[in-house]
>>> print(open('input.cif').read())   # mmCIF, C-alpha atoms and all ligand atoms
data_coords
#
loop_
_atom_site.label_atom_id
_atom_site.label_comp_id
_atom_site.auth_asym_id
_atom_site.auth_seq_id
_atom_site.Cartn_x
_atom_site.Cartn_y
_atom_site.Cartn_z
CA MET A 1 -25.39 -32.08 7.03
CA SER A 2 -21.76 -31.47 7.92
CA ALA A 3 -20.57 -28.01 8.96
CA LEU A 4 -18.82 -25.85 6.38
CA LEU A 5 -15.80 -25.76 8.69
CA ALA A 6 -15.08 -27.78 11.80
CA VAL A 7 -12.12 -27.80 14.15
CA GLU A 8 -11.90 -30.84 16.39
CA ASP A 9 -9.88 -30.99 19.59
CA VAL A 10 -6.91 -29.12 18.13
CA LEU A 11 -3.68 -29.09 20.14
CA VAL A 12 -0.78 -26.86 19.04
CA ARG A 13 2.55 -26.59 20.84
CA PHE A 14 5.41 -24.24 20.00
CA GLY A 15 8.33 -25.65 21.96
CA GLY A 16 7.24 -25.36 25.56
CA VAL A 17 4.25 -23.12 24.81
CA THR A 18 0.83 -24.71 24.40
CA ALA A 19 -0.83 -22.24 22.03
CA LEU A 20 -4.04 -24.30 21.63
CA ALA A 21 -5.03 -26.89 24.20
CA GLY A 22 -7.84 -28.92 22.64
CA VAL A 23 -10.03 -26.40 20.81
CA SER A 24 -13.19 -27.43 18.95
CA PHE A 25 -15.84 -25.40 17.15
CA SER A 26 -17.86 -25.57 13.98
CA LEU A 27 -19.03 -22.98 11.52
CA GLY A 28 -22.17 -23.07 9.39
CA LYS A 29 -22.56 -21.61 5.92
CA GLY A 30 -23.32 -17.89 6.03
CA GLU A 31 -22.10 -17.26 9.57
CA LEU A 32 -20.11 -14.24 10.71
CA LEU A 33 -18.25 -15.55 13.73
CA GLY A 34 -16.25 -13.26 15.99
CA LEU A 35 -13.11 -14.84 17.47
CA ILE A 36 -11.98 -12.94 20.55
CA GLY A 37 -9.73 -13.33 23.55
CA PRO A 38 -6.84 -11.57 25.30
CA ASN A 39 -3.44 -11.18 23.63
CA GLY A 40 -1.66 -14.52 23.33
CA ALA A 41 -4.92 -16.47 23.70
CA GLY A 42 -4.27 -18.45 20.50
CA LYS A 43 -6.58 -16.68 18.02
CA THR A 44 -4.03 -16.25 15.23
CA THR A 45 -2.71 -19.77 15.81
CA LEU A 46 -6.27 -21.10 15.43
CA LEU A 47 -6.74 -19.38 12.05
CA HIS A 48 -3.24 -20.51 11.01
CA THR A 49 -4.23 -24.08 11.88
CA VAL A 50 -7.43 -23.76 9.83
CA ILE A 51 -5.53 -22.40 6.81
CA GLY A 52 -2.62 -24.85 7.14
CA VAL A 53 0.23 -22.53 8.12
CA VAL A 54 0.39 -24.46 11.41
CA THR A 55 0.00 -28.23 11.64
CA PRO A 56 -1.59 -29.31 14.91
CA THR A 57 0.08 -31.88 17.16
CA LYS A 58 -3.33 -33.42 17.67
CA GLY A 59 -6.86 -32.88 16.36
CA ARG A 60 -8.44 -32.29 12.96
CA VAL A 61 -9.66 -29.56 10.62
CA LEU A 62 -12.62 -30.46 8.40
CA VAL A 63 -13.98 -28.53 5.41
CA GLY A 64 -17.43 -29.69 4.36
CA GLY A 65 -16.83 -32.90 6.31
CA ARG A 66 -13.52 -33.60 4.56
CA ASP A 67 -10.39 -33.95 6.70
CA VAL A 68 -7.91 -31.31 5.46
CA THR A 69 -5.49 -31.48 8.41
CA ARG A 70 -2.63 -32.77 6.25
CA LEU A 71 -3.37 -30.65 3.16
CA SER A 72 -1.14 -27.76 2.07
CA THR A 73 -2.29 -24.15 2.32
CA ASP A 74 -2.62 -24.11 -1.50
CA ALA A 75 -4.90 -27.14 -1.47
CA ARG A 76 -6.99 -25.52 1.27
CA ALA A 77 -7.21 -22.28 -0.74
CA ARG A 78 -8.62 -24.32 -3.62
CA LEU A 79 -11.19 -25.77 -1.19
CA GLY A 80 -12.28 -22.22 -0.43
CA LEU A 81 -10.31 -21.01 2.60
CA ALA A 82 -8.75 -17.54 2.48
CA LEU A 83 -6.89 -15.65 5.22
CA THR A 84 -6.13 -11.94 5.54
CA HIS A 85 -3.12 -11.15 7.71
CA GLN A 86 -2.92 -8.55 10.40
CA ILE A 87 0.24 -7.17 8.79
CA VAL A 88 -0.69 -6.19 5.25
CA ARG A 89 1.92 -7.29 2.69
CA PRO A 90 0.98 -6.26 -0.85
CA PHE A 91 3.52 -6.53 -3.67
CA ARG A 92 5.05 -3.06 -3.54
CA GLY A 93 6.26 -2.99 -7.13
CA MET A 94 2.84 -3.23 -8.75
CA SER A 95 -0.37 -1.22 -8.69
CA VAL A 96 -3.28 -1.89 -6.37
CA LEU A 97 -5.26 -3.27 -9.32
CA ASP A 98 -2.42 -5.60 -10.35
CA ASN A 99 -2.14 -6.88 -6.78
CA VAL A 100 -5.75 -8.03 -6.87
CA THR A 101 -5.47 -9.25 -10.49
CA LEU A 102 -2.52 -11.39 -9.43
CA ALA A 103 -4.56 -12.86 -6.59
CA ALA A 104 -7.44 -13.53 -9.01
CA GLY A 105 -4.93 -15.34 -11.23
CA PHE A 106 -4.04 -17.53 -8.24
CA ALA A 107 -7.63 -18.72 -8.21
CA LYS A 108 -6.78 -20.61 -11.40
CA THR A 109 -3.17 -21.50 -10.73
CA THR A 110 -1.09 -21.50 -7.59
CA HIS A 111 2.01 -21.33 -9.76
CA LEU A 112 3.51 -17.86 -9.18
CA LEU A 113 4.94 -17.45 -12.67
CA ARG A 114 1.71 -18.45 -14.36
CA ALA A 115 -0.25 -16.15 -12.05
CA LEU A 116 2.14 -13.30 -12.88
CA THR A 117 1.74 -13.80 -16.63
CA SER A 118 -2.03 -13.71 -16.15
CA VAL A 119 -1.82 -10.16 -14.78
CA SER A 120 -2.63 -8.83 -18.23
CA ARG A 121 -5.63 -11.07 -18.74
CA THR A 122 -8.84 -9.16 -19.22
CA ALA A 123 -11.16 -11.38 -17.20
CA GLU A 124 -8.99 -11.25 -14.10
CA ARG A 125 -8.50 -7.49 -14.40
CA ALA A 126 -12.26 -7.00 -14.69
CA ARG A 127 -12.81 -9.20 -11.66
CA ALA A 128 -10.14 -7.27 -9.76
CA ARG A 129 -11.84 -3.95 -10.58
CA GLU A 130 -15.14 -5.36 -9.30
CA LEU A 131 -13.48 -6.41 -6.06
CA LEU A 132 -11.83 -3.01 -5.54
CA ALA A 133 -15.25 -1.41 -5.98
CA LEU A 134 -16.80 -3.96 -3.63
CA VAL A 135 -14.38 -3.09 -0.82
CA GLY A 136 -14.59 0.63 -1.61
CA ILE A 137 -11.11 1.43 -2.99
CA ALA A 138 -11.81 1.63 -6.75
CA ASP A 139 -10.26 5.11 -6.80
CA TYR A 140 -6.90 3.64 -5.81
CA ALA A 141 -6.78 1.08 -8.66
CA ASP A 142 -3.77 2.61 -10.42
CA ALA A 143 -1.97 3.79 -7.30
CA ALA A 144 1.06 2.10 -5.79
CA PRO A 145 0.29 0.36 -2.47
CA ALA A 146 2.94 2.54 -0.80
CA VAL A 147 0.75 5.66 -1.09
CA LEU A 148 -2.36 4.05 0.43
CA PRO A 149 -3.54 5.00 3.92
CA LEU A 150 -3.79 2.04 6.31
CA GLY A 151 -7.59 1.81 5.93
CA ALA A 152 -7.24 1.36 2.16
CA LEU A 153 -4.42 -1.18 2.60
CA LYS A 154 -6.64 -3.24 4.89
CA ARG A 155 -9.35 -3.13 2.22
CA LEU A 156 -6.80 -4.19 -0.40
CA GLU A 157 -5.95 -7.18 1.79
CA VAL A 158 -9.66 -8.11 1.91
CA ALA A 159 -9.98 -7.69 -1.89
CA ARG A 160 -6.96 -9.96 -2.46
CA ALA A 161 -8.50 -12.63 -0.22
CA LEU A 162 -11.86 -12.31 -2.00
CA ALA A 163 -10.13 -12.78 -5.36
CA ILE A 164 -9.96 -16.53 -4.83
CA SER A 165 -13.77 -16.54 -4.31
CA PRO A 166 -13.48 -18.13 -0.89
CA GLU A 167 -16.18 -20.13 0.87
CA VAL A 168 -14.77 -18.99 4.19
CA LEU A 169 -12.91 -15.72 4.71
CA LEU A 170 -10.66 -15.66 7.78
CA LEU A 171 -9.83 -12.13 8.95
CA ASP A 172 -7.03 -11.55 11.46
CA GLU A 173 -7.66 -8.16 13.08
CA PRO A 174 -8.59 -6.28 9.90
CA LEU A 175 -9.74 -3.30 11.97
CA ALA A 176 -6.58 -3.03 14.07
CA GLY A 177 -4.75 0.26 13.69
CA LEU A 178 -7.66 2.01 11.99
CA ASN A 179 -9.21 5.12 13.48
CA SER A 180 -12.74 4.81 14.77
CA VAL A 181 -14.39 6.16 11.60
CA GLU A 182 -12.38 3.87 9.30
CA ALA A 183 -12.95 0.88 11.57
CA THR A 184 -16.71 1.48 11.60
CA ARG A 185 -16.72 1.74 7.80
CA LEU A 186 -14.65 -1.40 7.25
CA ALA A 187 -16.78 -3.31 9.79
CA ALA A 188 -19.87 -2.26 7.81
CA THR A 189 -18.20 -3.46 4.58
CA LEU A 190 -17.47 -6.82 6.20
CA ALA A 191 -21.07 -7.10 7.40
CA ASP A 192 -22.25 -6.35 3.83
CA LEU A 193 -19.94 -9.01 2.40
CA ASN A 194 -21.32 -11.49 4.91
CA ALA A 195 -24.89 -10.51 3.98
CA SER A 196 -23.98 -11.20 0.35
CA GLY A 197 -23.21 -14.79 1.33
CA ILE A 198 -19.56 -14.97 2.40
CA THR A 199 -18.97 -16.96 5.57
CA MET A 200 -16.44 -15.30 7.86
CA ILE A 201 -14.40 -15.61 11.00
CA LEU A 202 -13.30 -12.23 12.32
CA ILE A 203 -10.59 -11.74 14.93
CA GLU A 204 -11.08 -8.36 16.50
CA HIS A 205 -9.78 -6.66 19.60
CA ASN A 206 -12.47 -4.01 19.96
CA LEU A 207 -15.37 -5.80 21.63
CA ALA A 208 -17.87 -3.05 20.85
CA LYS A 209 -17.09 -3.33 17.12
CA VAL A 210 -17.23 -7.11 17.12
CA ALA A 211 -20.52 -7.07 19.02
CA GLU A 212 -22.03 -4.70 16.45
CA ILE A 213 -21.56 -7.07 13.52
CA CYS A 214 -21.08 -10.63 14.85
CA PRO A 215 -24.14 -12.57 16.03
CA ARG A 216 -21.93 -15.31 17.52
CA LEU A 217 -18.64 -15.26 19.40
CA VAL A 218 -16.02 -17.85 20.27
CA VAL A 219 -13.68 -16.81 23.10
CA LEU A 220 -10.19 -18.19 23.62
CA ASP A 221 -8.13 -17.73 26.75
CA ASN A 222 -4.73 -19.35 27.28
CA GLY A 223 -5.29 -21.71 24.36
CA ARG A 224 -8.67 -22.92 25.59
CA LYS A 225 -12.16 -22.14 24.36
CA ILE A 226 -13.95 -20.57 27.32
CA ALA A 227 -17.19 -19.51 25.60
CA ASP A 228 -19.09 -20.11 22.36
CA GLY A 229 -22.55 -18.74 21.72
CA SER A 230 -24.69 -15.73 20.97
CA THR A 231 -22.81 -12.44 21.32
CA ALA A 232 -25.05 -11.11 24.09
CA ALA A 233 -24.73 -14.29 26.15
CA VAL A 234 -20.96 -14.53 25.67
CA LEU A 235 -20.28 -10.91 26.64
CA ALA A 236 -22.35 -11.36 29.80
CA ASP A 237 -20.45 -14.57 30.71
CA ALA A 238 -18.55 -14.23 33.98
CA ALA A 239 -15.60 -16.33 32.74
CA VAL A 240 -15.22 -14.09 29.68
CA ILE A 241 -15.32 -10.90 31.72
CA ALA A 242 -12.78 -12.36 34.15
CA ALA A 243 -10.44 -13.34 31.31
CA TYR A 244 -10.46 -9.82 29.90
CA MET A 245 -10.14 -8.08 33.27
CA GLY A 246 -7.33 -10.39 34.34
CA LYS A 247 -5.23 -9.85 31.22
CA ASP A 248 -5.66 -6.20 30.43
CA ALA A 249 -3.88 -4.61 33.33
CA SER A 250 -3.24 -1.59 31.11
CA GLY A 251 -6.96 -0.86 31.21
CA ARG A 252 -6.76 -0.12 27.51
CA ASP A 253 -8.74 -1.69 24.70
CA PRO A 254 -10.24 -4.26 25.02
CA SER A 255 -11.69 -3.29 28.39
CA HIS A 256 -14.50 -4.80 30.39
CA ALA A 257 -16.17 -1.41 30.17
CA GLU A 258 -16.39 -1.92 26.41
CA ALA A 259 -17.77 -5.41 26.95
CA SER A 260 -20.53 -4.22 29.23
CA HIS A 261 -21.23 -1.28 26.94
CA ALA A 262 -21.57 -3.68 24.00
CA ALA A 263 -23.72 -6.13 25.95
CA GLY A 264 -26.04 -3.53 27.36
N1 LIG B 301 5.52 -19.31 15.74
C1 LIG B 301 5.48 -19.31 17.07
N2 LIG B 301 6.52 -19.76 17.81
C2 LIG B 301 6.47 -19.77 19.15
N3 LIG B 301 5.43 -19.37 19.87
C3 LIG B 301 4.36 -18.90 19.21
C4 LIG B 301 4.32 -18.84 17.78
N4 LIG B 301 3.12 -18.33 17.38
C5 LIG B 301 2.44 -18.07 18.52
N5 LIG B 301 3.17 -18.41 19.61
C6 LIG B 301 2.73 -18.33 21.01
O1 LIG B 301 1.48 -18.98 21.09
C7 LIG B 301 0.59 -18.26 21.92
C8 LIG B 301 -0.65 -17.86 21.13
O2 LIG B 301 -0.28 -16.85 20.19
P1 LIG B 301 -1.28 -16.24 19.14
O3 LIG B 301 -2.02 -17.33 18.46
O4 LIG B 301 -0.50 -15.31 18.28
O5 LIG B 301 -2.30 -15.43 20.09
P2 LIG B 301 -3.32 -14.26 19.72
O6 LIG B 301 -3.46 -14.18 18.24
O7 LIG B 301 -4.60 -14.65 20.42
O8 LIG B 301 -2.76 -13.01 20.32
C9 LIG B 301 1.37 -17.10 22.49
O9 LIG B 301 1.91 -17.49 23.73
C10 LIG B 301 2.46 -16.90 21.46
O10 LIG B 301 3.60 -16.32 22.03
MG MG B 302 -3.06 -12.61 16.86
#
>>> encode(input="input.cif", output="structure tokens", more="lines below")
Ligand SMILES: Nc1ncnc2c1ncn2[C@@H]1O[C@H](COP(=O)(O)OP(=O)(O)O)[C@@H](O)[C@H]1O
Ligand SMILES: [Mg+2]
Amino acid sequence: MSALLAVEDVLVRFGGVTALAGVSFSLGKGELLGLIGPNGAGKTTLLHTVIGVVTPTKGRVLVGGRDVTRLSTDARARLGLALTHQIVRPFRGMSVLDNVTLAAGFAKTTHLLRALTSVSRTAERARARELLALVGIADYADAAPAVLPLGALKRLEVARALAISPEVLLLDEPLAGLNSVEATRLAATLADLNASGITMILIEHNLAKVAEICPRLVVLDNGRKIADGSTAAVLADAAVIAAYMGKDASGRDPSHAEASHAAG
């Protein structure tokens, strides 16, 4: 059986910068894969290549065995790929509920005007309410996004991605910027969503958090995959530890101390 998602030997260049230098990995149905690596390693570029924001110079992206490398982001969304961005960008002029309703409308049409006119449709509103409850922000349904704390905005971003009923949810640092309590809560929500059957790739800076919920890790460094395997094995890998120690001269998160804490 073919993998739900496969990336084969992907090469991405931005001018003189090689962001991804021949990266391959595959993802099975039901997995919760942590994608880690120092700043600038190519993590966001990899998810952008999967979703179709970036077209690779070389290599392929396969969904269920089908080559999607030349498909638009819309076509890939219809095949079940959804991405949450690190910078949350809800529509400011409409309520939290309408933001998710709009995204649910996109599940049926990628035409913005048609999606907008579907905002009033009962089925999509009901679905949106379910999703807000699922990610734990039902109380904010009628609020404007501008009044939401960052933790709730991050959950809104997850609800909007879930509205297209994705096969694979790609999460670009959803925990970044949250305080420790909020991050732990959102990580638990993501683990619950995965347990309910949603396959995920999670980019996360905090190694302890990622180790808590992801059974498998892929590590990028300088555009190359340097490790891929069980979380315990990857965090004990000398090349991974060296990559983190070499890059984080600040000594701040993510630190090797966190890695060894998580592994032990
Ligand atoms: N749109 C772009 N134009 C030019 N360079 C880019 C662009 N996006 C990313 N890069 C470069 O590609 C490399 C990988 O970036 P990125 O994928 O954002 O890393 P990460 O998400 O792991 O921090 C970095 O050197 C970054 O500066
Ligand atoms: Mg990034």
>>> closest_residue(input="input.cif", among="A:Glu204, A:Glu8, A:Asp74, A:Glu212", to="ligand LIG 301 (chain B)", atoms="all atoms listed in the file")
A:Glu204
>>> closest_residue(input="input.cif", among="A:Leu11, A:Ala176, A:Ala242, A:Leu134", to="ligand MG 302 (chain B)", atoms="all atoms listed in the file")
A:Ala176
>>> residues_around(input="input.cif", residues="Leu5 in chain A", least_positions_apart="3", cutoff="9 Å", atoms="only C-alpha atoms", output="MDAnalysis selection string")
chainID A and resid 2 25:29 50 61:65 168
>>> residues_near_point(input="input.cif", point="(-3.9, -21.0, 12.2)", cutoff="12 Å", atoms="only C-alpha atoms", output="PyMOL selection string")
chain A and resi 7+10-12+19-20+23+42-56+61+69+73+81-85+170-172+201+203
>>> residues_near_point(input="input.cif", point="(-13.9, -3.5, -2.0)", cutoff="12 Å", atoms="only C-alpha atoms", output="VMD selection string")
chain A and resid 96 to 97 100 127 to 141 151 to 163 185 to 186 188 to 190 192 to 193
>>> closest_residue(input="input.cif", among="A:Ala227, A:Ala126, A:Ala77, A:Ile36", to="ligand LIG 301 (chain B)", atoms="only C-alpha atoms and all ligand atoms")
A:Ile36
>>> atom_distance(input="input.cif", atom1="CA of Ala195 in chain A", atom2="CA of Ala211 in chain A")
16.0 Å
>>> closest_residue(input="input.cif", among="A:Thr231, A:Asn99, A:Ser180, A:Asn222", to="ligand LIG 301 (chain B)", atoms="all atoms listed in the file")
A:Asn222
>>> closest_residue(input="input.cif", among="A:Val240, A:Leu202, A:Val234, A:Leu220", to="Gly34 in chain A", atoms="all atoms listed in the file")
A:Leu202
>>> atom_distance(input="input.cif", atom1="CA of Gly197 in chain A", atom2="CA of Ala3 in chain A")
15.5 Å
>>> closest_residue(input="input.cif", among="A:Arg70, A:Arg76, A:His205, A:Ala183", to="ligand MG 302 (chain B)", atoms="all atoms listed in the file")
A:His205
>>> build_atoms(input="input.cif", residues="range 5-26 of chain A", atoms="N, CA and C atoms", output="PDB file, in the coordinates of the input")
ATOM      1  N   LEU A   5     -17.139 -25.648   8.106  1.00  0.00           N
ATOM      2  CA  LEU A   5     -15.800 -25.760   8.690  1.00  0.00           C
ATOM      3  C   LEU A   5     -15.939 -26.321  10.097  1.00  0.00           C
ATOM      4  N   ALA A   6     -15.089 -27.277  10.423  1.00  0.00           N
ATOM      5  CA  ALA A   6     -15.080 -27.780  11.800  1.00  0.00           C
ATOM      6  C   ALA A   6     -13.645 -27.977  12.264  1.00  0.00           C
ATOM      7  N   VAL A   7     -13.412 -27.599  13.501  1.00  0.00           N
ATOM      8  CA  VAL A   7     -12.120 -27.800  14.150  1.00  0.00           C
ATOM      9  C   VAL A   7     -12.396 -28.741  15.311  1.00  0.00           C
ATOM     10  N   GLU A   8     -11.632 -29.836  15.360  1.00  0.00           N
ATOM     11  CA  GLU A   8     -11.900 -30.840  16.390  1.00  0.00           C
ATOM     12  C   GLU A   8     -10.697 -31.066  17.288  1.00  0.00           C
ATOM     13  N   ASP A   9     -10.844 -30.671  18.542  1.00  0.00           N
ATOM     14  CA  ASP A   9      -9.880 -30.990  19.590  1.00  0.00           C
ATOM     15  C   ASP A   9      -8.431 -30.690  19.188  1.00  0.00           C
ATOM     16  N   VAL A  10      -8.230 -29.479  18.652  1.00  0.00           N
ATOM     17  CA  VAL A  10      -6.910 -29.120  18.130  1.00  0.00           C
ATOM     18  C   VAL A  10      -5.934 -28.718  19.239  1.00  0.00           C
ATOM     19  N   LEU A  11      -4.779 -29.372  19.195  1.00  0.00           N
ATOM     20  CA  LEU A  11      -3.680 -29.090  20.140  1.00  0.00           C
ATOM     21  C   LEU A  11      -2.489 -28.590  19.341  1.00  0.00           C
ATOM     22  N   VAL A  12      -1.972 -27.404  19.711  1.00  0.00           N
ATOM     23  CA  VAL A  12      -0.780 -26.860  19.040  1.00  0.00           C
ATOM     24  C   VAL A  12       0.241 -26.461  20.092  1.00  0.00           C
ATOM     25  N   ARG A  13       1.460 -26.975  19.932  1.00  0.00           N
ATOM     26  CA  ARG A  13       2.550 -26.590  20.840  1.00  0.00           C
ATOM     27  C   ARG A  13       3.661 -25.947  20.040  1.00  0.00           C
ATOM     28  N   PHE A  14       4.194 -24.849  20.553  1.00  0.00           N
ATOM     29  CA  PHE A  14       5.410 -24.240  20.000  1.00  0.00           C
ATOM     30  C   PHE A  14       6.481 -24.409  21.069  1.00  0.00           C
ATOM     31  N   GLY A  15       7.351 -25.394  20.908  1.00  0.00           N
ATOM     32  CA  GLY A  15       8.330 -25.650  21.960  1.00  0.00           C
ATOM     33  C   GLY A  15       7.608 -25.928  23.260  1.00  0.00           C
ATOM     34  N   GLY A  16       7.884 -25.143  24.273  1.00  0.00           N
ATOM     35  CA  GLY A  16       7.240 -25.360  25.560  1.00  0.00           C
ATOM     36  C   GLY A  16       5.890 -24.682  25.706  1.00  0.00           C
ATOM     37  N   VAL A  17       5.510 -23.873  24.712  1.00  0.00           N
ATOM     38  CA  VAL A  17       4.250 -23.120  24.810  1.00  0.00           C
ATOM     39  C   VAL A  17       3.101 -23.912  24.199  1.00  0.00           C
ATOM     40  N   THR A  18       2.037 -24.094  24.963  1.00  0.00           N
ATOM     41  CA  THR A  18       0.830 -24.710  24.400  1.00  0.00           C
ATOM     42  C   THR A  18      -0.062 -23.570  23.915  1.00  0.00           C
ATOM     43  N   ALA A  19      -0.073 -23.362  22.598  1.00  0.00           N
ATOM     44  CA  ALA A  19      -0.830 -22.240  22.030  1.00  0.00           C
ATOM     45  C   ALA A  19      -2.322 -22.574  21.953  1.00  0.00           C
ATOM     46  N   LEU A  20      -2.642 -23.838  21.648  1.00  0.00           N
ATOM     47  CA  LEU A  20      -4.040 -24.300  21.630  1.00  0.00           C
ATOM     48  C   LEU A  20      -4.099 -25.632  22.352  1.00  0.00           C
ATOM     49  N   ALA A  21      -4.996 -25.712  23.329  1.00  0.00           N
ATOM     50  CA  ALA A  21      -5.030 -26.890  24.200  1.00  0.00           C
ATOM     51  C   ALA A  21      -6.348 -27.642  24.055  1.00  0.00           C
ATOM     52  N   GLY A  22      -6.622 -28.144  22.827  1.00  0.00           N
ATOM     53  CA  GLY A  22      -7.840 -28.920  22.640  1.00  0.00           C
ATOM     54  C   GLY A  22      -9.035 -28.029  22.331  1.00  0.00           C
ATOM     55  N   VAL A  23      -8.960 -27.330  21.205  1.00  0.00           N
ATOM     56  CA  VAL A  23     -10.030 -26.400  20.810  1.00  0.00           C
ATOM     57  C   VAL A  23     -10.921 -27.043  19.737  1.00  0.00           C
ATOM     58  N   SER A  24     -12.221 -26.948  19.931  1.00  0.00           N
ATOM     59  CA  SER A  24     -13.190 -27.430  18.950  1.00  0.00           C
ATOM     60  C   SER A  24     -14.256 -26.358  18.707  1.00  0.00           C
ATOM     61  N   PHE A  25     -14.646 -26.208  17.464  1.00  0.00           N
ATOM     62  CA  PHE A  25     -15.840 -25.400  17.150  1.00  0.00           C
ATOM     63  C   PHE A  25     -16.244 -25.727  15.730  1.00  0.00           C
ATOM     64  N   SER A  26     -17.467 -25.389  15.373  1.00  0.00           N
ATOM     65  CA  SER A  26     -17.860 -25.570  13.980  1.00  0.00           C
ATOM     66  C   SER A  26     -18.560 -24.315  13.481  1.00  0.00           C
TER      67      SER A  26
END
